[in-house]
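A.B. asks: Dropping the structure in here first, questions after.
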Number of protein chains: 2
Amino acid sequence: MSDRPLPTKDRLILSAATLFRTRGYHGVGLADLLSDAKAPKGSLYHHFPNGKSDLAMAAATWASDEMLRLIAASFDGSDTFKDGATTLCFKLAKLFDITGWDTCPIAATLFEGPDNDSFRSHANHIYEGWIAEVYDHAARLGLSASEAQAKSEHLFMLIQGGWTLARARRSSDVIRQMTNRL
Amino acid sequence: MSDRPLPTKDRLILSAATLFRTRGYHGVGLADLLSDAKAPKGSLYHHFPNGKSDLAMAAATWASDEMLRLIAASFDGSDTFKDGATTLCFKLAKLFDITGWDTCPIAATLFEGPDNDSFRSHANHIYEGWIAEVYDHAARLGLSASEAQAKSEHLFMLIQGGWTLARARRSSDVIRQMTNRL
DNA sequence: CACACGCTGGACCAATCGGTCTAATCCTGT
DNA sequence: ACAGGATTAGACCGATTGGTCCAGCGTGTG
């Protein structure tokens with residue numbers, strides 16, 4: 001991680017997103033974070049006055065934006081909901097193989113934090129954003145409102161649970177196979 | 001937690017299971033653990049020579065056994081797979097409301113630990129145990145081998161993902177509603 | 001009674017934790 | 001060239017971390 005030309009703030013966010021999702025919020029110390037991002041402590045507290053927790057929020061938001069892009073990219077080229085959902089699963093399986101057995105970045109980052117409630121509500125906001133994004137594509141592709149809602153939530157749960165199982169097994173196969181159950 | 005008559009070792013396991021699942025492995029310090037279990041540090045290292053990590057393993061196993069009992073209780077009185085799966089979901093939703101928005105105890109405890117690989121393989125072993133338990137009931141209720149395998153994995157993923165969404169929303173509704181998608 | 005052993009209680013430790021603070025440096029607009 | 005805000009660098013802090021160690025306790029067996 002942490003290419004040189006990136007500004008310090010972005011390097012911090014990128015390192016945080018990577019480390020938090022592999023070891024969890026409390027599993028990463030500021031020392032790890034700063035050495036990975038090649039940034040001094042002063043910079044952290046300049047860009048994120050509240051320190052670690054601010055950085056965690058930013059990292060989760062960044063990870064969420066990536067996920068939203070992935071969803072859009074999967075559904076944009078598809079003619080049916082099932083097609084879009086299937087390519088999303090395949091893209092995620094590939095991502096799983098590349099990054100290697102991490103957790104959901106949101107859950108790892110926000111479900112442990114100290115100031116539990118603001119973390120939790122931010123996680124909720126992010127998850128609803130994913131579901132809403134899928135919902136919009138579902139509606140666009142002809143599903144009724146109630147069906148679109150049910151299917152987008154269903155897909156969310158499958159991905160979330162499938163990713164967990166894939167991590168335990170160290171194999172992305174389940175993520176690909178679950179497309180049969182859409 | 002931690003009734004008086006329970007032996008120290010059990011109190012430690014119980015406290016560990018409770019605390020780890022709400023704040024994660026690294027989010028719980030030995031001090032919290034010991035004060036919750038009303039046990040001195042010496043006892044911890046007497047019963048669990050490797051300290052925190054041994055205790056985490058035991059706590060995960062204990063939580064897994066409870067889950068296995070819950071699965072058995074749900075399917076034993078049911079005549080079809082769908083019935084069993086539905087009552088399992090309802091039991092879990094009720095459990096969610098009682099314990100209150102925790103994570104999956106296995107994921108919270110074992111997916112962050114220091115000695116990552118033995119933790120991960122233990123988590124995998126536990127998850128496969130759950131799926132195998134559901135599989136046995138599915139086969140007993142007449143499903144073919146391949147269908148039983150697919151359905152039990154599917155149920156696992158739904159529960160795992162549904163629980164996460166329920167936690168973010170602070171509502172067990174999704175866990176109940178997902179029975180329509182079995 | 002005496003010995004042994006499973007267990008408890010807690011003092012103590014080095015390392016690390018997240019966070020504060022200030023001086024130096026960089027960069028930009030004038 | 002200069003001023004002045006933005007950014008960096010890192011020494012320093014008290015609190016807490018997981019872990020070690022041993023003296024004593026209680027109980028059951030010889």
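As shown in the structure tokens, the chain order sets the letters A, B, ...; within each chain, residues go from 1, and ligands are also counted from 1 in the order they appear.
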Give me, as JSON lines, the closest atom pair and its distance (Å, one decimal) for every residue of chain C within a cut-off of 10 Å of chain B, counting only C-alpha atoms (C1' of nucleotides), rows sorted by chain and rising number.
C.D. replies:
```
{"residue": "C:DG6", "atom": "C1'", "partner": "B:His46", "partner_atom": "CA", "distance": 9.2}
{"residue": "C:DC7", "atom": "C1'", "partner": "B:Ser43", "partner_atom": "CA", "distance": 6.8}
{"residue": "C:DT8", "atom": "C1'", "partner": "B:Ser43", "partner_atom": "CA", "distance": 6.4}
{"residue": "C:DG9", "atom": "C1'", "partner": "B:Pro40", "partner_atom": "CA", "distance": 6.2}
{"residue": "C:DG10", "atom": "C1'", "partner": "B:Pro40", "partner_atom": "CA", "distance": 7.6}
```
A.B. asks: At a cut-off of 9 Å, list the chain D residues touching chain B, using only C-alpha atoms (C1' of nucleotides), as a PyMOL selection string.
C.D. replies: chain D and resi 16-19
A.B. asks: Using only C-alpha atoms, what does the table of chain A residues within 7 Å of chain B look like, with each row giving the shortest atom pair and its distance in Å to one decimal, sorted by chain and ascending number, as a Markdown table?
C.D. replies:
```
| residue | atom | partner | partner_atom | distance |
| --- | --- | --- | --- | --- |
| A:Arg23 | CA | B:Glu112 | CA | 5.1 |
| A:Gly24 | CA | B:Glu112 | CA | 6.3 |
| A:His26 | CA | B:His26 | CA | 5.3 |
| A:Gly27 | CA | B:His26 | CA | 5.5 |
| A:Glu112 | CA | B:Arg23 | CA | 5.1 |
| A:Arg120 | CA | B:Ala168 | CA | 6.1 |
| A:Ser121 | CA | B:Ala168 | CA | 6.9 |
| A:Ala123 | CA | B:Ala168 | CA | 6.3 |
| A:Asn124 | CA | B:Ala168 | CA | 4.7 |
| A:Met157 | CA | B:Gly161 | CA | 4.0 |
| A:Leu158 | CA | B:Met157 | CA | 5.5 |
| A:Gln160 | CA | B:Gly161 | CA | 4.7 |
| A:Gly161 | CA | B:Met157 | CA | 4.0 |
| A:Gly162 | CA | B:Met157 | CA | 5.2 |
| A:Ala168 | CA | B:Asn124 | CA | 4.7 |
| A:Arg169 | CA | B:Asn124 | CA | 6.0 |
```
A.B. asks: Tell me, in Å to one decimal, how far atom CA of Ser78 of chain B is from atom CA of Lys91 of chain B.
C.D. replies: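 It comes out at 13.6 Å.
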A.B. asks: One decimal, Å: what's the distance from atom CA of His137 of chain B over to atom CA of Leu14 of chain B, could you say?
C.D. replies: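 These atoms are spaced 28.6 Å apart.
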A.B. asks: Please, which residues of segment 18-161 of chain B, numbered as in this document, come out alpha helix (DSSP H) from DSSP, as a VMD selection string?
C.D. replies: chain B and resid 18 to 23 30 to 37 41 to 47 52 to 76 81 to 99 105 to 110 116 to 140 145 to 161
A.B. asks: Include C-alpha atoms and write out the residues we just selected as a compact mmCIF listing (two decimals), in the first residue's frame.
C.D. replies:
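Wrote again38.txt, looks like this:
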```txt
# COMPACT_ATOMS: atom_id res chain seq x y z
CA THR B 18 -20.22 -12.31 26.20
CA LEU B 19 -17.57 -9.62 26.04
CA PHE B 20 -15.80 -10.81 22.91
CA ARG B 21 -19.01 -10.94 20.94
CA THR B 22 -19.89 -7.37 21.83
CA ARG B 23 -16.51 -5.68 21.54
CA LEU B 30 -7.84 -8.85 30.58
CA ALA B 31 -8.90 -6.37 33.23
CA ASP B 32 -12.47 -6.21 31.87
CA LEU B 33 -12.55 -9.95 31.51
CA LEU B 34 -11.38 -10.68 35.03
CA SER B 35 -13.58 -8.12 36.73
CA ASP B 36 -16.64 -9.38 34.83
CA ALA B 37 -15.88 -12.98 35.72
CA LYS B 41 -5.42 -13.19 37.07
CA GLY B 42 -3.79 -16.26 38.51
CA SER B 43 -6.87 -18.35 37.84
CA LEU B 44 -6.96 -17.33 34.21
CA TYR B 45 -3.43 -18.52 33.59
CA HIS B 46 -4.01 -21.64 35.65
CA HIS B 47 -6.99 -22.79 33.58
CA LYS B 52 -6.26 -14.72 26.34
CA SER B 53 -6.00 -16.74 23.15
CA ASP B 54 -6.78 -20.07 24.86
CA LEU B 55 -9.75 -18.46 26.53
CA ALA B 56 -10.96 -17.11 23.21
CA MET B 57 -10.85 -20.58 21.70
CA ALA B 58 -12.82 -22.03 24.60
CA ALA B 59 -15.36 -19.22 24.47
CA ALA B 60 -15.91 -19.75 20.76
CA THR B 61 -16.38 -23.48 21.27
CA TRP B 62 -18.87 -22.82 24.02
CA ALA B 63 -20.83 -20.39 21.85
CA SER B 64 -20.77 -22.89 19.01
CA ASP B 65 -22.22 -25.61 21.20
CA GLU B 66 -25.11 -23.33 22.10
CA MET B 67 -25.73 -22.69 18.43
CA LEU B 68 -25.71 -26.41 17.68
CA ARG B 69 -28.28 -26.98 20.38
CA LEU B 70 -30.42 -24.21 18.92
CA ILE B 71 -30.26 -25.77 15.46
CA ALA B 72 -31.18 -29.20 16.80
CA ALA B 73 -34.06 -27.79 18.85
CA SER B 74 -35.42 -26.01 15.78
CA PHE B 75 -35.33 -28.95 13.40
CA ASP B 76 -36.26 -31.71 15.81
CA PHE B 81 -36.72 -28.39 5.99
CA LYS B 82 -38.45 -25.10 5.47
CA ASP B 83 -40.29 -25.41 8.77
CA GLY B 84 -37.10 -26.15 10.66
CA ALA B 85 -35.22 -23.33 9.01
CA THR B 86 -38.06 -20.93 9.73
CA THR B 87 -38.26 -21.74 13.41
CA LEU B 88 -34.47 -21.48 13.62
CA CYS B 89 -34.68 -17.96 12.22
CA PHE B 90 -37.41 -17.02 14.67
CA LYS B 91 -35.44 -18.41 17.58
CA LEU B 92 -32.41 -16.44 16.46
CA ALA B 93 -34.44 -13.27 16.10
CA LYS B 94 -35.66 -13.69 19.64
CA LEU B 95 -32.11 -14.32 20.81
CA PHE B 96 -31.04 -11.16 19.00
CA ASP B 97 -33.64 -9.14 20.86
CA ILE B 98 -32.59 -10.56 24.21
CA THR B 99 -28.81 -10.29 23.91
CA PRO B 105 -19.58 -14.70 18.49
CA ILE B 106 -17.28 -16.75 16.32
CA ALA B 107 -16.43 -13.98 13.89
CA ALA B 108 -15.93 -11.43 16.66
CA THR B 109 -13.70 -13.75 18.65
CA LEU B 110 -11.65 -15.61 16.09
CA ASN B 116 -4.28 -15.84 12.92
CA ASP B 117 -4.17 -19.23 11.30
CA SER B 118 -5.09 -21.48 14.18
CA PHE B 119 -7.90 -19.06 15.02
CA ARG B 120 -9.15 -19.05 11.46
CA SER B 121 -9.10 -22.82 11.12
CA HIS B 122 -10.97 -23.18 14.37
CA ALA B 123 -13.60 -20.75 13.11
CA ASN B 124 -13.84 -22.76 9.92
CA HIS B 125 -14.25 -25.98 11.89
CA ILE B 126 -17.07 -24.43 13.89
CA TYR B 127 -18.87 -23.07 10.86
CA GLU B 128 -18.63 -26.40 9.05
CA GLY B 129 -20.08 -28.00 12.16
CA TRP B 130 -23.14 -25.75 11.98
CA ILE B 131 -23.60 -26.43 8.29
CA ALA B 132 -23.16 -30.16 8.85
CA GLU B 133 -25.78 -30.12 11.58
CA VAL B 134 -28.28 -28.42 9.28
CA TYR B 135 -27.26 -30.76 6.48
CA ASP B 136 -28.08 -33.83 8.56
CA HIS B 137 -31.55 -32.54 9.30
CA ALA B 138 -32.07 -31.62 5.66
CA ALA B 139 -31.07 -35.11 4.55
CA ARG B 140 -33.27 -36.69 7.20
CA ALA B 145 -27.39 -34.72 -0.91
CA SER B 146 -26.58 -31.88 -3.27
CA GLU B 147 -29.74 -30.00 -2.40
CA ALA B 148 -29.18 -30.47 1.30
CA GLN B 149 -25.66 -29.12 0.99
CA ALA B 150 -26.76 -26.11 -1.04
CA LYS B 151 -29.65 -25.31 1.26
CA SER B 152 -27.67 -25.60 4.46
CA GLU B 153 -24.94 -23.32 3.12
CA HIS B 154 -27.56 -20.93 1.89
CA LEU B 155 -29.18 -20.80 5.30
CA PHE B 156 -25.84 -20.20 6.95
CA MET B 157 -25.10 -17.25 4.71
CA LEU B 158 -28.53 -15.75 5.19
CA ILE B 159 -28.27 -15.95 8.95
CA GLN B 160 -24.76 -14.58 9.05
CA GLY B 161 -25.57 -11.69 6.75
```
A.B. asks: To one decimal place, how far is atom CA of Pro5 of chain A from atom CA of Gly100 of chain A in Å?
C.D. replies: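 Interatomic distance here is 25.4 Å.
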A.B. asks: Skipping near chain neighbours, those fewer than 6 positions away, what residues fall within 10 Å of DG30 of chain D using only C-alpha atoms (C1' of nucleotides), listed as a count of residues only?
C.D. replies: 3
